[in-house]
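structure.cif follows; it contains mmCIF, C-alpha atoms.
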data_model
#
loop_
_atom_site.label_atom_id
_atom_site.label_comp_id
_atom_site.auth_asym_id
_atom_site.auth_seq_id
_atom_site.Cartn_x
_atom_site.Cartn_y
_atom_site.Cartn_z
CA ASP P 1 -84.22 -130.80 12.36
CA ALA P 2 -85.68 -133.77 14.19
CA LYS P 3 -83.92 -134.98 17.31
CA THR P 4 -82.58 -138.48 17.70
CA THR P 5 -82.16 -140.87 20.61
CA GLN P 6 -79.31 -143.37 20.73
CA PRO P 7 -78.03 -145.68 23.48
CA PRO P 8 -74.88 -144.22 25.05
CA SER P 9 -72.80 -147.36 24.56
CA MET P 10 -72.85 -150.85 23.08
CA ASP P 11 -70.53 -153.85 22.91
CA CYS P 12 -70.00 -156.18 20.00
CA ALA P 13 -67.82 -159.23 19.49
CA GLU P 14 -65.30 -159.05 16.69
CA GLY P 15 -66.60 -160.71 13.54
CA ARG P 16 -70.23 -160.40 14.58
CA ALA P 17 -72.75 -157.93 13.22
CA ALA P 18 -73.06 -154.67 15.12
CA ASN P 19 -76.61 -153.29 15.13
CA LEU P 20 -76.83 -149.68 16.28
CA PRO P 21 -80.36 -148.36 16.86
CA CYS P 22 -81.63 -144.80 16.52
CA ASN P 23 -85.03 -143.38 17.35
CA HIS P 24 -86.30 -140.32 15.47
CA SER P 25 -90.03 -140.29 16.14
CA THR P 26 -90.50 -136.64 15.08
CA ILE P 27 -88.86 -137.00 11.69
CA SER P 28 -90.45 -135.00 8.87
CA GLY P 29 -91.20 -136.28 5.39
CA ASN P 30 -88.30 -134.43 3.78
CA GLU P 31 -85.69 -135.34 6.37
CA TYR P 32 -82.96 -137.87 5.76
CA VAL P 33 -81.24 -140.16 8.24
CA TYR P 34 -77.44 -139.77 8.19
CA TRP P 35 -74.85 -141.80 10.07
CA TYR P 36 -71.32 -140.69 10.91
CA ARG P 37 -68.63 -142.21 13.05
CA GLN P 38 -65.71 -140.71 14.93
CA ILE P 39 -62.71 -142.89 15.63
CA HIS P 40 -60.76 -141.71 18.67
CA SER P 41 -60.15 -137.97 18.23
CA GLN P 42 -60.29 -137.84 14.45
CA GLY P 43 -62.84 -135.81 12.52
CA PRO P 44 -66.19 -137.57 12.01
CA GLN P 45 -66.49 -139.72 8.91
CA TYR P 46 -69.64 -140.12 6.83
CA ILE P 47 -70.97 -143.68 6.68
CA ILE P 48 -74.35 -143.78 4.95
CA HIS P 49 -77.66 -141.98 4.60
CA GLY P 50 -81.22 -142.75 3.51
CA LEU P 51 -84.70 -141.33 3.17
CA LYS P 52 -87.18 -144.21 3.07
CA ASN P 53 -85.59 -147.27 1.53
CA ASN P 54 -82.94 -149.45 3.07
CA GLU P 55 -79.46 -148.58 1.88
CA THR P 56 -76.20 -150.50 1.65
CA ASN P 57 -72.67 -149.48 0.78
CA GLU P 58 -69.21 -150.90 1.31
CA MET P 59 -69.16 -149.81 4.93
CA ALA P 60 -72.61 -150.58 6.30
CA SER P 61 -76.31 -151.10 5.82
CA LEU P 62 -79.06 -148.75 6.93
CA ILE P 63 -82.48 -150.15 7.78
CA ILE P 64 -85.30 -147.60 8.15
CA THR P 65 -88.66 -148.70 9.53
CA GLU P 66 -91.73 -148.23 7.36
CA ASP P 67 -93.05 -145.39 9.55
CA ARG P 68 -89.53 -143.86 9.49
CA LYS P 69 -89.57 -143.31 13.25
CA SER P 70 -86.49 -145.42 13.83
CA SER P 71 -83.51 -146.87 12.01
CA THR P 72 -80.66 -149.31 12.53
CA LEU P 73 -77.10 -149.07 11.28
CA ILE P 74 -75.61 -152.49 10.64
CA LEU P 75 -71.89 -153.20 10.46
CA PRO P 76 -72.03 -156.74 9.09
CA HIS P 77 -68.69 -158.04 10.37
CA ALA P 78 -67.36 -155.72 13.06
CA THR P 79 -63.61 -155.42 13.51
CA LEU P 80 -61.57 -153.82 16.26
CA ARG P 81 -61.09 -150.81 13.98
CA ASP P 82 -64.86 -150.19 14.11
CA THR P 83 -64.58 -149.15 17.76
CA ALA P 84 -65.81 -145.56 17.61
CA VAL P 85 -68.62 -143.16 18.46
CA TYR P 86 -71.49 -143.45 15.98
CA TYR P 87 -73.77 -140.49 15.39
CA CYS P 88 -77.29 -140.74 13.99
CA ILE P 89 -78.50 -137.45 12.54
CA VAL P 90 -81.78 -136.47 10.96
CA ARG P 91 -81.85 -133.46 8.67
CA VAL P 92 -83.03 -132.10 5.38
CA TYR P 93 -80.68 -132.83 2.49
CA THR P 94 -79.74 -129.19 2.03
CA GLY P 95 -78.87 -128.64 5.70
CA GLY P 96 -75.49 -130.32 5.97
CA PHE P 97 -73.66 -127.13 6.83
CA LYS P 98 -75.55 -126.76 10.12
CA THR P 99 -75.71 -130.38 11.18
CA ILE P 100 -76.33 -130.74 14.89
CA PHE P 101 -74.57 -133.72 16.46
CA GLY P 102 -75.91 -135.47 19.54
CA ALA P 103 -73.95 -137.59 21.99
CA GLY P 104 -73.93 -140.68 19.76
CA THR P 105 -73.35 -144.32 20.67
CA ARG P 106 -69.91 -145.46 21.75
CA LEU P 107 -69.38 -148.89 20.18
CA PHE P 108 -66.77 -151.17 21.70
CA VAL P 109 -65.73 -154.07 19.50
CA LYS P 110 -64.08 -156.76 21.60
CA ALA P 111 -61.77 -159.56 20.49
CA ASN A 1 -57.27 -133.35 -3.54
CA ALA A 2 -56.18 -132.55 0.01
CA GLY A 3 -59.78 -132.24 1.21
CA VAL A 4 -60.16 -130.04 4.30
CA THR A 5 -56.93 -128.72 5.79
CA GLN A 6 -56.72 -127.17 9.25
CA THR A 7 -53.81 -125.28 10.77
CA PRO A 8 -52.35 -125.28 13.32
CA LYS A 9 -52.86 -128.82 14.63
CA PHE A 10 -51.85 -127.80 18.16
CA GLN A 11 -51.81 -124.42 19.90
CA VAL A 12 -51.36 -123.20 23.46
CA LEU A 13 -52.59 -119.73 24.36
CA LYS A 14 -52.67 -117.60 27.46
CA THR A 15 -55.92 -116.13 28.67
CA GLY A 16 -56.72 -112.95 26.78
CA GLN A 17 -54.63 -113.71 23.73
CA SER A 18 -56.20 -113.80 20.30
CA MET A 19 -55.55 -116.18 17.44
CA THR A 20 -56.96 -117.48 14.18
CA LEU A 21 -57.57 -121.11 13.27
CA GLN A 22 -57.23 -121.61 9.55
CA CYS A 23 -59.41 -123.87 7.41
CA ALA A 24 -59.10 -124.44 3.69
CA GLN A 25 -60.87 -126.83 1.34
CA ASP A 26 -60.05 -127.65 -2.27
CA MET A 27 -63.31 -129.38 -3.24
CA ASN A 28 -65.14 -126.23 -4.37
CA HIS A 29 -67.76 -126.81 -1.69
CA GLU A 30 -70.13 -123.92 -1.12
CA TYR A 31 -70.75 -124.72 2.54
CA MET A 32 -68.30 -124.64 5.44
CA SER A 33 -68.75 -125.04 9.20
CA TRP A 34 -66.80 -124.88 12.45
CA TYR A 35 -67.39 -127.24 15.37
CA ARG A 36 -65.83 -127.61 18.79
CA GLN A 37 -65.58 -130.81 20.78
CA ASP A 38 -64.83 -130.77 24.47
CA PRO A 39 -63.32 -133.89 26.10
CA GLY A 40 -65.81 -136.76 26.20
CA MET A 41 -68.51 -134.68 24.54
CA GLY A 42 -70.17 -134.47 21.15
CA LEU A 43 -69.57 -131.80 18.53
CA ARG A 44 -71.17 -128.38 18.85
CA LEU A 45 -71.67 -126.04 15.92
CA ILE A 46 -69.98 -122.64 16.30
CA HIS A 47 -70.49 -120.84 12.97
CA TYR A 48 -71.26 -121.79 9.42
CA SER A 49 -71.17 -120.26 5.95
CA VAL A 50 -73.34 -120.95 2.92
CA GLY A 51 -71.05 -119.13 0.52
CA ALA A 52 -68.46 -116.40 0.16
CA GLY A 53 -69.52 -113.32 2.11
CA ILE A 54 -72.29 -115.13 4.02
CA THR A 55 -71.91 -116.44 7.56
CA ASP A 56 -74.27 -117.27 10.41
CA GLN A 57 -74.20 -118.39 14.02
CA GLY A 58 -74.50 -121.95 15.23
CA GLU A 59 -75.16 -123.32 18.73
CA VAL A 60 -72.18 -121.76 20.56
CA PRO A 61 -70.98 -118.62 18.69
CA ASN A 62 -69.96 -116.42 21.62
CA GLY A 63 -66.27 -115.56 21.71
CA TYR A 64 -65.67 -116.46 18.07
CA ASN A 65 -65.70 -114.54 14.80
CA VAL A 66 -65.68 -115.88 11.26
CA SER A 67 -65.46 -114.49 7.77
CA ARG A 68 -65.68 -116.06 4.31
CA SER A 69 -63.94 -113.95 1.70
CA THR A 70 -63.28 -116.86 -0.67
CA THR A 71 -64.94 -120.20 -1.38
CA GLU A 72 -61.83 -122.04 -0.20
CA ASP A 73 -61.12 -120.44 3.18
CA PHE A 74 -63.10 -120.12 6.40
CA PRO A 75 -60.94 -118.87 9.31
CA LEU A 76 -62.15 -118.92 12.91
CA ARG A 77 -60.95 -116.10 15.16
CA LEU A 78 -60.77 -116.21 18.93
CA LEU A 79 -60.93 -112.59 20.06
CA SER A 80 -59.83 -112.97 23.69
CA ALA A 81 -59.10 -116.57 24.60
CA ALA A 82 -60.57 -118.02 27.80
CA PRO A 83 -59.89 -121.39 29.49
CA SER A 84 -63.46 -122.41 28.59
CA GLN A 85 -62.39 -122.36 24.96
CA THR A 86 -59.94 -125.20 25.50
CA SER A 87 -61.21 -127.76 23.03
CA VAL A 88 -60.64 -129.55 19.74
CA TYR A 89 -61.90 -127.55 16.79
CA PHE A 90 -63.08 -129.18 13.60
CA CYS A 91 -63.73 -127.51 10.29
CA ALA A 92 -66.03 -129.16 7.76
CA SER A 93 -67.23 -128.53 4.23
CA SER A 94 -70.13 -129.86 2.20
CA THR A 95 -72.09 -129.43 -0.98
CA ASP A 96 -75.66 -130.03 -2.09
CA ARG A 97 -74.76 -130.58 -5.72
CA GLY A 98 -76.03 -133.96 -6.82
CA TYR A 99 -73.34 -134.80 -9.34
CA GLY A 100 -70.10 -136.63 -8.82
CA GLY A 101 -71.53 -138.89 -6.17
CA HIS A 102 -72.02 -136.13 -3.63
CA THR A 103 -74.42 -137.15 -0.93
CA GLY A 104 -74.75 -133.96 1.09
CA GLU A 105 -72.38 -135.23 3.76
CA LEU A 106 -69.84 -133.25 5.72
CA PHE A 107 -66.11 -133.62 5.05
CA PHE A 108 -64.06 -132.92 8.17
CA GLY A 109 -60.53 -131.76 8.75
CA GLU A 110 -58.19 -133.48 11.21
CA GLY A 111 -58.86 -130.98 13.96
CA SER A 112 -56.98 -128.25 15.81
CA ARG A 113 -56.28 -128.85 19.48
CA LEU A 114 -56.34 -125.63 21.47
CA THR A 115 -55.34 -125.22 25.11
CA VAL A 116 -55.95 -121.92 26.89
CA LEU A 117 -54.04 -121.47 30.14
#
Starting from the file, lay out its structure as structure tokens.
Amino acid sequence: DAKTTQPPSMDCAEGRAANLPCNHSTISGNEYVYWYRQIHSQGPQYIIHGLKNNETNEMASLIITEDRKSSTLILPHATLRDTAVYYCIVRVYTGGFKTIFGAGTRLFVKA
Amino acid sequence: NAGVTQTPKFQVLKTGQSMTLQCAQDMNHEYMSWYRQDPGMGLRLIHYSVGAGITDQGEVPNGYNVSRSTTEDFPLRLLSAAPSQTSVYFCASSTDRGYGGHTGELFFGEGSRLTVL
């Protein structure tokens, strides 16, 4: 699976959009971009995933560049409860059972 | 559905003791995995299973054994506990089936916090 690079930490003001970047320059054509988050010491929670097109669900939006070498997770209106570690993962669809997590980005949402 | 259930939630062991962390899922997922997370660190894959009777090693398998006799259960055994195994352990399950809205993501349990003295 391709490796990813994320900033170690970011701040965001409550109510503003949080834009979390991820670089995955060695991504292969059949690899998806997945995002998870981990709030405090809970188990990670799936947020969203995509292959080529931008994706949106009730939690977030995922923007993938045309060359697929980077992506951005957007939390449109961050709340204090969005303070968490966010993991960007690149893998083939059938490889969920051996997902390798990196260090992620620690997002601090401030009032 | 309960999802992924881990027991115990907390455990303290002495060096050299053995124990088993239990993991059960009721979603009929074919895949299950064990991760450990040390304080302030990311998750590391210990072992995984792609179906009953089939297991394989992840990033950090030493000191741990697993077995998968049923689809639902995937216990993790510590053979001789060491202080370096003090960590939070997460079990996860997933499926590749495309129906029912499945997206290939991992479903995690709440974690088991293990301290080895």
If we count all atoms listed in the file, which residues of chain P reach to within 10 Å of chain A? Please list them as a PyMOL selection string.
chain P and resi 34-36+38+41-50+85+87+92-104
With distances taken over all atoms listed in the file, which of P:Arg91, P:Arg106, P:Arg37, P:Arg16 is nearest to Leu51 (chain P)?
P:Arg91
Coordinates-based distance that separates CA of Asp73 (chain A) from CA of Gly53 (chain A) (Å, one decimal)
11.1 Å
So, counting all atoms listed in the file, which residue among A:Val4, A:Met27, A:Val12, A:Ile54 is closest to Val116 (chain A)?
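Looking only at the distances to Val116 (chain A), the closest residue turns out to be A:Val12.
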Output check: residues returned by the PyMOL selection byres ((chain P and resi 65-79) around 8), as a VMD selection string:
chain P and resid 12 to 27 35 52 59 to 64 80 to 83 109
Could you check the closest approach to Gln22 (chain A) for each of A:Asp38, A:Leu76, A:Leu114, A:Gln85 and tell me which residue wins, using only C-alpha atoms?
A:Leu76
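Interatomic distance, CA of Ala52 (chain A) against CA of Thr70 (chain A): 5.3 Å.
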Please put the answer as lines of an AutoDock Vina configuration file: centre and edge lengths, in Å with one decimal, of a box along x, y and z that encloses all listed atoms of region 4-22 of chain A plus 6 Å on each side.
center_x = -55.8
center_y = -121.5
center_z = 16.5
size_x = 20.8
size_y = 29.1
size_z = 36.4
Separating CA of Thr115 (chain A) from CA of Gly16 (chain A), to the nearest tenth of an Å, is a gap of 12.5 Å
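Residues matched by the PyMOL selection byres ((chain A and resi 2) around 9) in this file are Asn1, Gly3, Val4, Thr5, Gln25, Asp26 and Met27 of chain A.
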Name the residues captured by the PyMOL selection byres ((chain P and resi 107) around 6) when it is applied to the shown file; answer as JSON, numbers by chain.
{"P": [9, 10, 11, 83, 84, 106, 108]}
Smallest atom-to-atom distance to Pro8 (chain A): which of A:Thr20, A:Ser84, A:Ser67, A:Asn28, using only C-alpha atoms?
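The answer is A:Thr20, which sits nearest to Pro8 (chain A).
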